[in-house]
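Participant: Just so it is clear, I am handing over protein_18.txt, which has compact mmCIF, C-alpha atoms.
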```txt
# COMPACT_ATOMS: atom_id res chain seq x y z
CA MET N 1 1.78 -9.01 28.68
CA LYS N 2 1.74 -5.30 27.96
CA PRO N 3 -1.27 -4.14 25.90
CA LEU N 4 -0.37 -2.72 22.48
CA ASP N 5 -1.54 0.40 20.70
CA ILE N 6 -1.76 -0.33 16.96
CA VAL N 7 -2.49 1.97 14.02
CA VAL N 8 -3.40 0.47 10.63
CA CYS N 9 -3.05 2.62 7.51
CA MET N 10 -5.72 1.60 5.00
CA LYS N 11 -6.30 2.71 1.41
CA PRO N 12 -9.51 2.43 -0.62
CA VAL N 13 -8.75 1.34 -4.19
CA PRO N 14 -10.98 0.98 -7.28
CA ASP N 15 -12.65 -2.43 -7.33
CA PRO N 16 -10.21 -4.70 -9.25
CA LYS N 17 -13.17 -6.57 -10.76
CA GLN N 18 -14.02 -3.43 -12.75
CA TRP N 19 -10.56 -2.17 -13.67
CA ARG N 20 -11.35 -2.42 -17.37
CA LYS N 21 -13.58 0.61 -16.86
CA LEU N 22 -10.82 2.61 -15.16
CA THR N 23 -9.63 5.65 -17.14
CA LEU N 24 -6.95 8.32 -16.84
CA ASP N 25 -7.60 12.07 -16.82
CA SER N 26 -5.64 13.39 -19.82
CA GLU N 27 -4.98 16.76 -18.17
CA THR N 28 -4.02 15.79 -14.61
CA MET N 29 -2.72 12.29 -15.52
CA LEU N 30 -4.55 10.96 -12.45
CA LEU N 31 -6.88 7.96 -12.29
CA ARG N 32 -10.58 8.79 -12.34
CA ARG N 33 -11.23 6.87 -9.12
CA ALA N 34 -14.74 8.23 -8.64
CA ASP N 35 -15.88 6.33 -11.74
CA LEU N 36 -15.63 2.97 -9.95
CA PRO N 37 -16.76 1.67 -6.55
CA ALA N 38 -13.96 1.46 -3.98
CA VAL N 39 -12.88 -1.49 -1.82
CA ILE N 40 -10.27 -1.93 0.90
CA ASN N 41 -6.89 -2.54 -0.70
CA PRO N 42 -6.45 -6.36 -0.43
CA LEU N 43 -3.10 -6.31 1.38
CA ASP N 44 -4.46 -3.75 3.83
CA ARG N 45 -6.96 -6.44 4.81
CA ASN N 46 -3.99 -8.60 5.81
CA ALA N 47 -2.68 -5.73 7.93
CA ILE N 48 -6.08 -5.31 9.60
CA GLU N 49 -6.35 -9.06 10.23
CA GLN N 50 -2.91 -9.20 11.87
CA ALA N 51 -3.78 -6.22 14.05
CA VAL N 52 -7.11 -7.72 15.12
CA GLU N 53 -5.45 -11.05 16.00
CA LEU N 54 -2.74 -9.30 17.98
CA LYS N 55 -5.23 -7.13 19.87
CA ALA N 56 -7.26 -10.23 20.78
CA ARG N 57 -4.16 -11.77 22.39
CA ARG N 58 -2.56 -8.71 23.96
CA GLY N 59 -5.32 -6.13 24.40
CA GLY N 60 -4.82 -2.44 23.74
CA THR N 61 -6.25 -0.11 21.11
CA LEU N 62 -6.63 -0.55 17.37
CA SER N 63 -7.09 2.49 15.14
CA VAL N 64 -7.56 2.56 11.37
CA VAL N 65 -6.72 5.66 9.34
CA THR N 66 -7.06 6.51 5.66
CA MET N 67 -6.44 9.51 3.42
CA ALA N 68 -9.26 9.50 0.90
CA PRO N 69 -12.45 11.23 -0.31
CA PRO N 70 -15.47 11.36 2.04
CA GLU N 71 -16.92 8.20 0.44
CA ALA N 72 -14.14 6.21 2.16
CA GLU N 73 -16.32 6.13 5.27
CA ASN N 74 -17.71 2.87 3.86
CA GLN N 75 -14.30 1.20 3.88
CA LEU N 76 -13.51 2.57 7.35
CA LEU N 77 -16.75 1.14 8.72
CA GLU N 78 -15.91 -2.21 7.16
CA ALA N 79 -12.53 -2.11 8.96
CA VAL N 80 -14.40 -1.40 12.22
CA ALA N 81 -16.69 -4.34 11.48
CA MET N 82 -13.57 -6.52 11.09
CA GLY N 83 -12.39 -5.53 14.58
CA CYS N 84 -10.86 -2.04 14.60
CA ASP N 85 -11.82 0.24 17.50
CA ARG N 86 -11.49 3.75 16.09
CA ALA N 87 -11.65 5.15 12.55
CA PHE N 88 -9.99 8.30 11.22
CA LEU N 89 -10.70 9.84 7.82
CA LEU N 90 -8.22 12.35 6.40
CA THR N 91 -10.09 14.17 3.68
CA ASP N 92 -9.44 17.54 2.06
CA LYS N 93 -9.30 18.81 -1.51
CA ALA N 94 -5.74 19.84 -0.66
CA PHE N 95 -4.81 16.12 -0.50
CA ALA N 96 -5.78 15.46 -4.15
CA GLY N 97 -3.02 14.23 -6.47
CA ALA N 98 -0.68 13.20 -3.65
CA ASP N 99 2.27 10.97 -4.50
CA SER N 100 3.64 8.44 -2.00
CA LEU N 101 5.67 11.03 -0.04
CA ALA N 102 2.81 13.54 0.30
CA THR N 103 0.56 10.65 1.35
CA ALA N 104 3.13 9.50 3.92
CA ARG N 105 3.37 13.03 5.36
CA CYS N 106 -0.40 13.15 5.81
CA LEU N 107 -0.61 9.71 7.45
CA THR N 108 2.39 10.45 9.67
CA ALA N 109 0.77 13.66 10.91
CA ALA N 110 -2.42 11.72 11.68
CA ILE N 111 -0.53 9.00 13.57
CA GLY N 112 1.13 11.70 15.65
CA LYS N 113 -2.25 13.31 16.35
CA ILE N 114 -3.81 9.94 17.30
CA GLY N 115 -1.10 9.73 19.95
CA ARG N 116 0.32 6.52 21.37
CA TYR N 117 1.44 3.72 19.08
CA ASP N 118 3.57 0.62 19.50
CA LEU N 119 2.98 -0.69 15.99
CA VAL N 120 1.97 0.81 12.64
CA PHE N 121 0.67 -1.72 10.09
CA CYS N 122 0.29 -1.23 6.32
CA GLY N 123 -0.30 -3.43 3.31
CA GLY N 124 2.87 -4.27 1.36
CA TYR N 125 1.62 -2.18 -1.57
CA SER N 126 -1.63 -0.91 -3.07
CA LEU N 127 -3.09 -2.49 -6.19
CA ASP N 128 -3.52 0.85 -7.92
CA GLY N 129 -0.02 2.15 -7.19
CA SER N 130 2.23 -0.82 -6.35
CA THR N 131 5.13 1.41 -5.25
CA SER N 132 5.64 -0.21 -1.80
CA GLN N 133 6.91 3.21 -0.70
CA VAL N 134 4.30 4.67 1.65
CA GLY N 135 4.98 2.35 4.59
CA PRO N 136 8.77 2.85 4.65
CA GLN N 137 8.33 6.60 4.14
CA ILE N 138 6.02 6.78 7.17
CA ALA N 139 8.61 4.88 9.21
CA GLU N 140 11.33 7.30 8.12
CA LEU N 141 9.20 10.31 9.03
CA LEU N 142 8.33 8.79 12.41
CA GLY N 143 11.95 7.78 13.02
CA ILE N 144 11.14 4.12 13.72
CA PRO N 145 12.39 0.84 12.17
CA ASP N 146 10.34 -0.83 9.45
CA LEU N 147 10.07 -4.37 8.13
CA THR N 148 8.49 -4.87 4.70
CA HIS N 149 6.63 -7.72 2.99
CA VAL N 150 6.22 -9.61 6.26
CA ILE N 151 4.70 -13.09 6.03
CA TRP N 152 4.98 -14.06 9.74
CA MET N 153 5.53 -12.17 12.98
CA GLU N 154 5.50 -12.51 16.75
CA ILE N 155 6.19 -10.22 19.70
CA ALA N 156 8.21 -11.30 22.72
CA ALA N 157 8.69 -8.71 25.46
CA SER N 158 9.53 -5.49 23.59
CA LYS N 159 11.03 -7.28 20.58
CA LEU N 160 9.30 -7.98 17.28
CA ARG N 161 10.46 -10.97 15.25
CA ALA N 162 9.36 -11.36 11.64
CA ARG N 163 10.02 -13.17 8.39
CA CYS N 164 10.13 -10.94 5.34
CA LYS N 165 9.58 -12.26 1.83
CA THR N 166 12.42 -11.67 -0.64
CA GLU N 167 13.11 -12.70 -4.22
CA GLU N 168 15.35 -15.48 -2.91
CA GLY N 169 12.91 -16.72 -0.23
CA ALA N 170 12.59 -15.14 3.21
CA VAL N 171 14.80 -13.38 5.77
CA ALA N 172 14.29 -13.28 9.56
CA TYR N 173 14.63 -9.98 11.46
CA GLU N 174 14.26 -8.72 15.01
CA VAL N 175 13.53 -5.08 15.90
CA ASP N 176 12.61 -3.00 18.93
CA LEU N 177 9.20 -1.39 19.34
CA PRO N 178 7.77 0.91 18.17
CA ALA N 179 8.03 -0.32 14.59
CA LEU N 180 6.21 -0.23 11.26
CA ILE N 181 5.32 -3.44 9.43
CA THR N 182 3.99 -4.00 5.90
CA PHE N 183 2.31 -7.31 5.09
CA ASP N 184 2.04 -9.60 2.09
CA ALA N 185 -0.90 -11.90 1.35
CA GLU N 186 0.85 -14.97 2.82
CA ALA N 187 0.75 -13.45 6.31
CA ASN N 188 -2.81 -14.59 7.07
CA GLN N 189 -6.33 -15.08 5.80
CA PRO N 190 -8.40 -11.89 6.36
CA ARG N 191 -11.71 -12.49 8.08
CA LEU N 192 -15.16 -11.50 6.91
CA ALA N 193 -17.06 -9.13 9.15
CA GLY N 194 -19.49 -10.91 11.45
CA MET N 195 -22.88 -9.71 12.63
CA THR N 196 -21.44 -8.43 15.91
CA GLY N 197 -18.87 -6.38 14.05
CA ILE N 198 -21.45 -5.03 11.62
CA ARG N 199 -23.64 -3.86 14.52
CA LYS N 200 -20.61 -2.21 16.11
CA ALA N 201 -19.74 -0.44 12.85
CA ALA N 202 -23.31 0.87 12.50
CA GLU N 203 -22.83 2.91 15.67
CA ALA N 204 -19.15 3.78 15.25
CA PRO N 205 -18.21 7.46 14.89
CA ILE N 206 -15.65 8.46 12.28
CA VAL N 207 -13.21 11.22 13.18
CA THR N 208 -12.58 13.49 10.17
CA TRP N 209 -9.46 15.65 9.84
CA ALA N 210 -8.49 18.13 7.11
CA ALA N 211 -5.06 19.52 6.27
CA GLY N 212 -5.41 22.30 8.83
CA ASP N 213 -6.22 19.81 11.59
CA LEU N 214 -3.00 17.96 10.81
CA GLY N 215 -0.86 21.09 10.75
CA LEU N 216 0.18 20.54 7.13
CA GLY N 217 1.22 23.47 4.96
CA ALA N 218 0.05 24.00 1.39
CA ASP N 219 3.40 22.75 0.03
CA GLU N 220 3.37 19.53 2.08
CA ALA N 221 0.20 17.83 0.86
CA GLY N 222 -1.48 16.84 -2.37
CA LEU N 223 -0.09 17.67 -5.79
CA ALA N 224 1.75 20.73 -4.46
CA GLY N 225 3.66 18.57 -1.98
CA SER N 226 4.46 15.78 -4.43
CA PRO N 227 8.00 15.66 -5.84
CA THR N 228 7.01 12.92 -8.31
CA ARG N 229 4.33 13.33 -10.99
CA MET N 230 3.14 11.36 -13.99
CA LEU N 231 3.84 13.38 -17.13
CA ASN N 232 2.67 11.01 -19.83
CA THR N 233 1.54 7.46 -20.58
CA PHE N 234 1.75 5.41 -23.75
CA THR N 235 1.34 1.88 -24.97
CA ALA N 236 4.53 0.50 -26.46
CA ALA N 237 4.20 -0.96 -29.94
CA THR N 238 4.66 -4.71 -30.05
CA GLY N 239 4.92 -7.20 -32.86
CA ARG N 240 7.27 -9.35 -34.89
CA LYS N 241 9.02 -8.67 -38.14
CA GLY N 242 9.60 -11.58 -40.46
CA GLU N 243 12.41 -11.66 -43.02
CA ILE N 244 13.39 -14.39 -45.49
CA LEU N 245 17.07 -15.01 -46.19
CA HIS N 246 18.08 -16.09 -49.69
CA GLY N 247 20.99 -18.07 -51.12
CA THR N 248 22.46 -21.49 -50.54
CA ALA N 249 22.19 -23.21 -47.18
CA ASP N 250 25.77 -22.22 -46.32
CA GLU N 251 25.20 -18.61 -47.39
CA MET N 252 22.01 -18.30 -45.35
CA ALA N 253 23.67 -19.87 -42.29
CA ALA N 254 26.62 -17.48 -42.57
CA GLU N 255 24.29 -14.48 -42.89
CA LEU N 256 22.26 -15.62 -39.88
CA LEU N 257 25.40 -15.99 -37.78
CA ARG N 258 26.55 -12.53 -38.85
CA ARG N 259 23.26 -10.97 -37.80
CA LEU N 260 23.36 -12.79 -34.48
CA ASP N 261 26.94 -11.59 -34.02
CA LEU N 262 28.07 -15.20 -33.76
CA GLY N 263 30.73 -15.22 -36.44
CA PRO N 264 34.20 -16.83 -36.06
CA GLY N 265 35.82 -15.89 -32.76
CA ARG N 266 32.55 -14.67 -31.16
CA ARG N 267 30.88 -17.95 -30.21
```
Could you render the structure as structure tokens?
Facilitator:
Amino acid sequence: MKPLDIVVCMKPVPDPKQWRKLTLDSETMLLRRADLPAVINPLDRNAIEQAVELKARRGGTLSVVTMAPPEAENQLLEAVAMGCDRAFLLTDKAFAGADSLATARCLTAAIGKIGRYDLVFCGGYSLDGSTSQVGPQIAELLGIPDLTHVIWMEIAASKLRARCKTEEGAVAYEVDLPALITFDAEANQPRLAGMTGIRKAAEAPIVTWAAGDLGLGADEAGLAGSPTRMLNTFTAATGRKGEILHGTADEMAAELLRRLDLGPGRR
């Protein structure tokens, strides 16, 4: 069997256990992520697990890459402890405020700089964004097929077969490699890092790249390269209004039907 070169795109997200403390910057309309400790996005753990399992069977290389502040080294080292070989941190003030497309551009540039890849794995969506857009956008920029919300996969020869979760159930697909896959939680059970992995992570170098290293222009990354922006947020008013109808039983029934637009000929 041919060894496989796999790249996993990982995102640190604010710890969901402390989301009640998460706030929004009123000027930039961006989450104040630095206020909370970060963890690996849960579905990205499924992507890492699938990649580690596949590498154990087929051999090859397994790289993990993230676009995040310098503190994301902790999450990258955890991914190495889970079984990844190489870690790449894309960090630059120019990346701040990126929407899904600007993020995809950055990750795509990094994947190209890493070099060879047969598979690119991502989580189905991130808990703090939930757009499900970054993975497919990377695939479009790379010019490769993508399968989303995968819950099972296998590789035979140069073909990838997968089942993708849909609202109606699941659909089976087959694509050629290279390809990009995004995973849902049903795909597997992510492992905990063992002592061997932790020792490996303690000595693992992290490659750091800025916008200039990736060849990205000022209008391609961060807020400047983002065609979508949050302009405002609000909490919609909720509640019930009670009203008492008066008159005889027949009069009140007729009035109720009128208000429900269920009069004669409309039932």
Participant: Any chance you could tabulate, as CSV, the residues of region 57-118 of chain N at most 10 Å from region 204-208 of chain N with each one's nearest atom pair and distance in Å to one decimal, using only C-alpha atoms, in chain and rising number order?
Facilitator:
```
residue,atom,partner,partner_atom,distance
N:Val65,CA,N:Val207,CA,9.4
N:Thr66,CA,N:Thr208,CA,10.0
N:Met67,CA,N:Thr208,CA,10.0
N:Pro70,CA,N:Thr208,CA,8.9
N:Glu73,CA,N:Ile206,CA,7.4
N:Leu76,CA,N:Ile206,CA,8.0
N:Leu77,CA,N:Ala204,CA,7.4
N:Val80,CA,N:Ala204,CA,7.7
N:Ala81,CA,N:Ala204,CA,9.3
N:Asp85,CA,N:Ala204,CA,8.4
N:Arg86,CA,N:Ile206,CA,7.3
N:Ala87,CA,N:Ile206,CA,5.2
N:Phe88,CA,N:Val207,CA,4.8
N:Leu89,CA,N:Thr208,CA,4.7
N:Leu90,CA,N:Thr208,CA,5.9
N:Thr91,CA,N:Thr208,CA,7.0
N:Asp92,CA,N:Thr208,CA,9.6
```
Participant: Kindly provide, as an mmCIF file with C-alpha atoms, in the coordinates of the input, the polymer residues lying within 10 Å of (5.7, -9.9, 13.5), counting only C-alpha atoms and using the coordinates exactly as they appear in the file.
Facilitator:
```cif
data_model
loop_
_atom_site.group_PDB
_atom_site.id
_atom_site.type_symbol
_atom_site.label_atom_id
_atom_site.label_comp_id
_atom_site.auth_asym_id
_atom_site.auth_seq_id
_atom_site.Cartn_x
_atom_site.Cartn_y
_atom_site.Cartn_z
ATOM 1 C CA GLN N 50 -2.910 -9.200 11.870
ATOM 2 C CA LEU N 54 -2.740 -9.300 17.980
ATOM 3 C CA LEU N 119 2.980 -0.690 15.990
ATOM 4 C CA LEU N 147 10.070 -4.370 8.130
ATOM 5 C CA VAL N 150 6.220 -9.610 6.260
ATOM 6 C CA ILE N 151 4.700 -13.090 6.030
ATOM 7 C CA TRP N 152 4.980 -14.060 9.740
ATOM 8 C CA MET N 153 5.530 -12.170 12.980
ATOM 9 C CA GLU N 154 5.500 -12.510 16.750
ATOM 10 C CA ILE N 155 6.190 -10.220 19.700
ATOM 11 C CA ALA N 156 8.210 -11.300 22.720
ATOM 12 C CA LYS N 159 11.030 -7.280 20.580
ATOM 13 C CA LEU N 160 9.300 -7.980 17.280
ATOM 14 C CA ARG N 161 10.460 -10.970 15.250
ATOM 15 C CA ALA N 162 9.360 -11.360 11.640
ATOM 16 C CA ARG N 163 10.020 -13.170 8.390
ATOM 17 C CA CYS N 164 10.130 -10.940 5.340
ATOM 18 C CA TYR N 173 14.630 -9.980 11.460
ATOM 19 C CA GLU N 174 14.260 -8.720 15.010
ATOM 20 C CA VAL N 175 13.530 -5.080 15.900
ATOM 21 C CA ALA N 179 8.030 -0.320 14.590
ATOM 22 C CA LEU N 180 6.210 -0.230 11.260
ATOM 23 C CA ILE N 181 5.320 -3.440 9.430
ATOM 24 C CA THR N 182 3.990 -4.000 5.900
ATOM 25 C CA PHE N 183 2.310 -7.310 5.090
ATOM 26 C CA ALA N 187 0.750 -13.450 6.310
#
```
Participant: May I have the residues within 12 Å of Met195 (chain N) as a list in words, using only C-alpha atoms and disregarding those fewer than 2 positions away in the same chain?
Facilitator: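 My reading of the contact set: Glu78, Val80, Ala81, Met82, Gly83, Leu192, Ala193, Gly197, Ile198, Arg199, Lys200, Ala201 and Ala202 of chain N.
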Participant: Need the neighbours of (1.4, 15.0, 15.3): which residues are at most 10 Å away, counting all atoms listed in the file, as a PyMOL selection string?
Facilitator: chain N and resi 106-115+142+213-216
Participant: Could you make a table, as a tab-separated table, of the residues of region 135-251 of chain N that have an atom within 7 Å of an atom of region 93-101 of chain N, each with its nearest atom pair and distance in Å to one decimal, counting all atoms listed in the file, in chain and number order?
Facilitator:
```
residue	atom	partner	partner_atom	distance
N:Gln137	CA	N:Leu101	CA	6.6
N:Ala211	CA	N:Ala94	CA	7.0
N:Ala221	CA	N:Phe95	CA	5.5
N:Gly222	CA	N:Phe95	CA	3.9
N:Leu223	CA	N:Gly97	CA	4.6
N:Ser226	CA	N:Asp99	CA	5.3
N:Thr228	CA	N:Asp99	CA	6.4
```
Participant: Tell me, as a VMD selection string, which residues lie within 10 Å of region 121-136 of chain N, counting all atoms listed in the file; anything in the same chain fewer than 3 positions away does not count.
Facilitator: chain N and resid 6 to 16 19 31 33 40 to 48 50 to 51 64 99 to 105 107 to 108 139 to 142 144 to 150 179 to 185
Participant: Expressed in Å to a single decimal, how great is the separation between CA of Lys2 (chain N) and CA of Gly143 (chain N)?
Facilitator: 22.3 Å
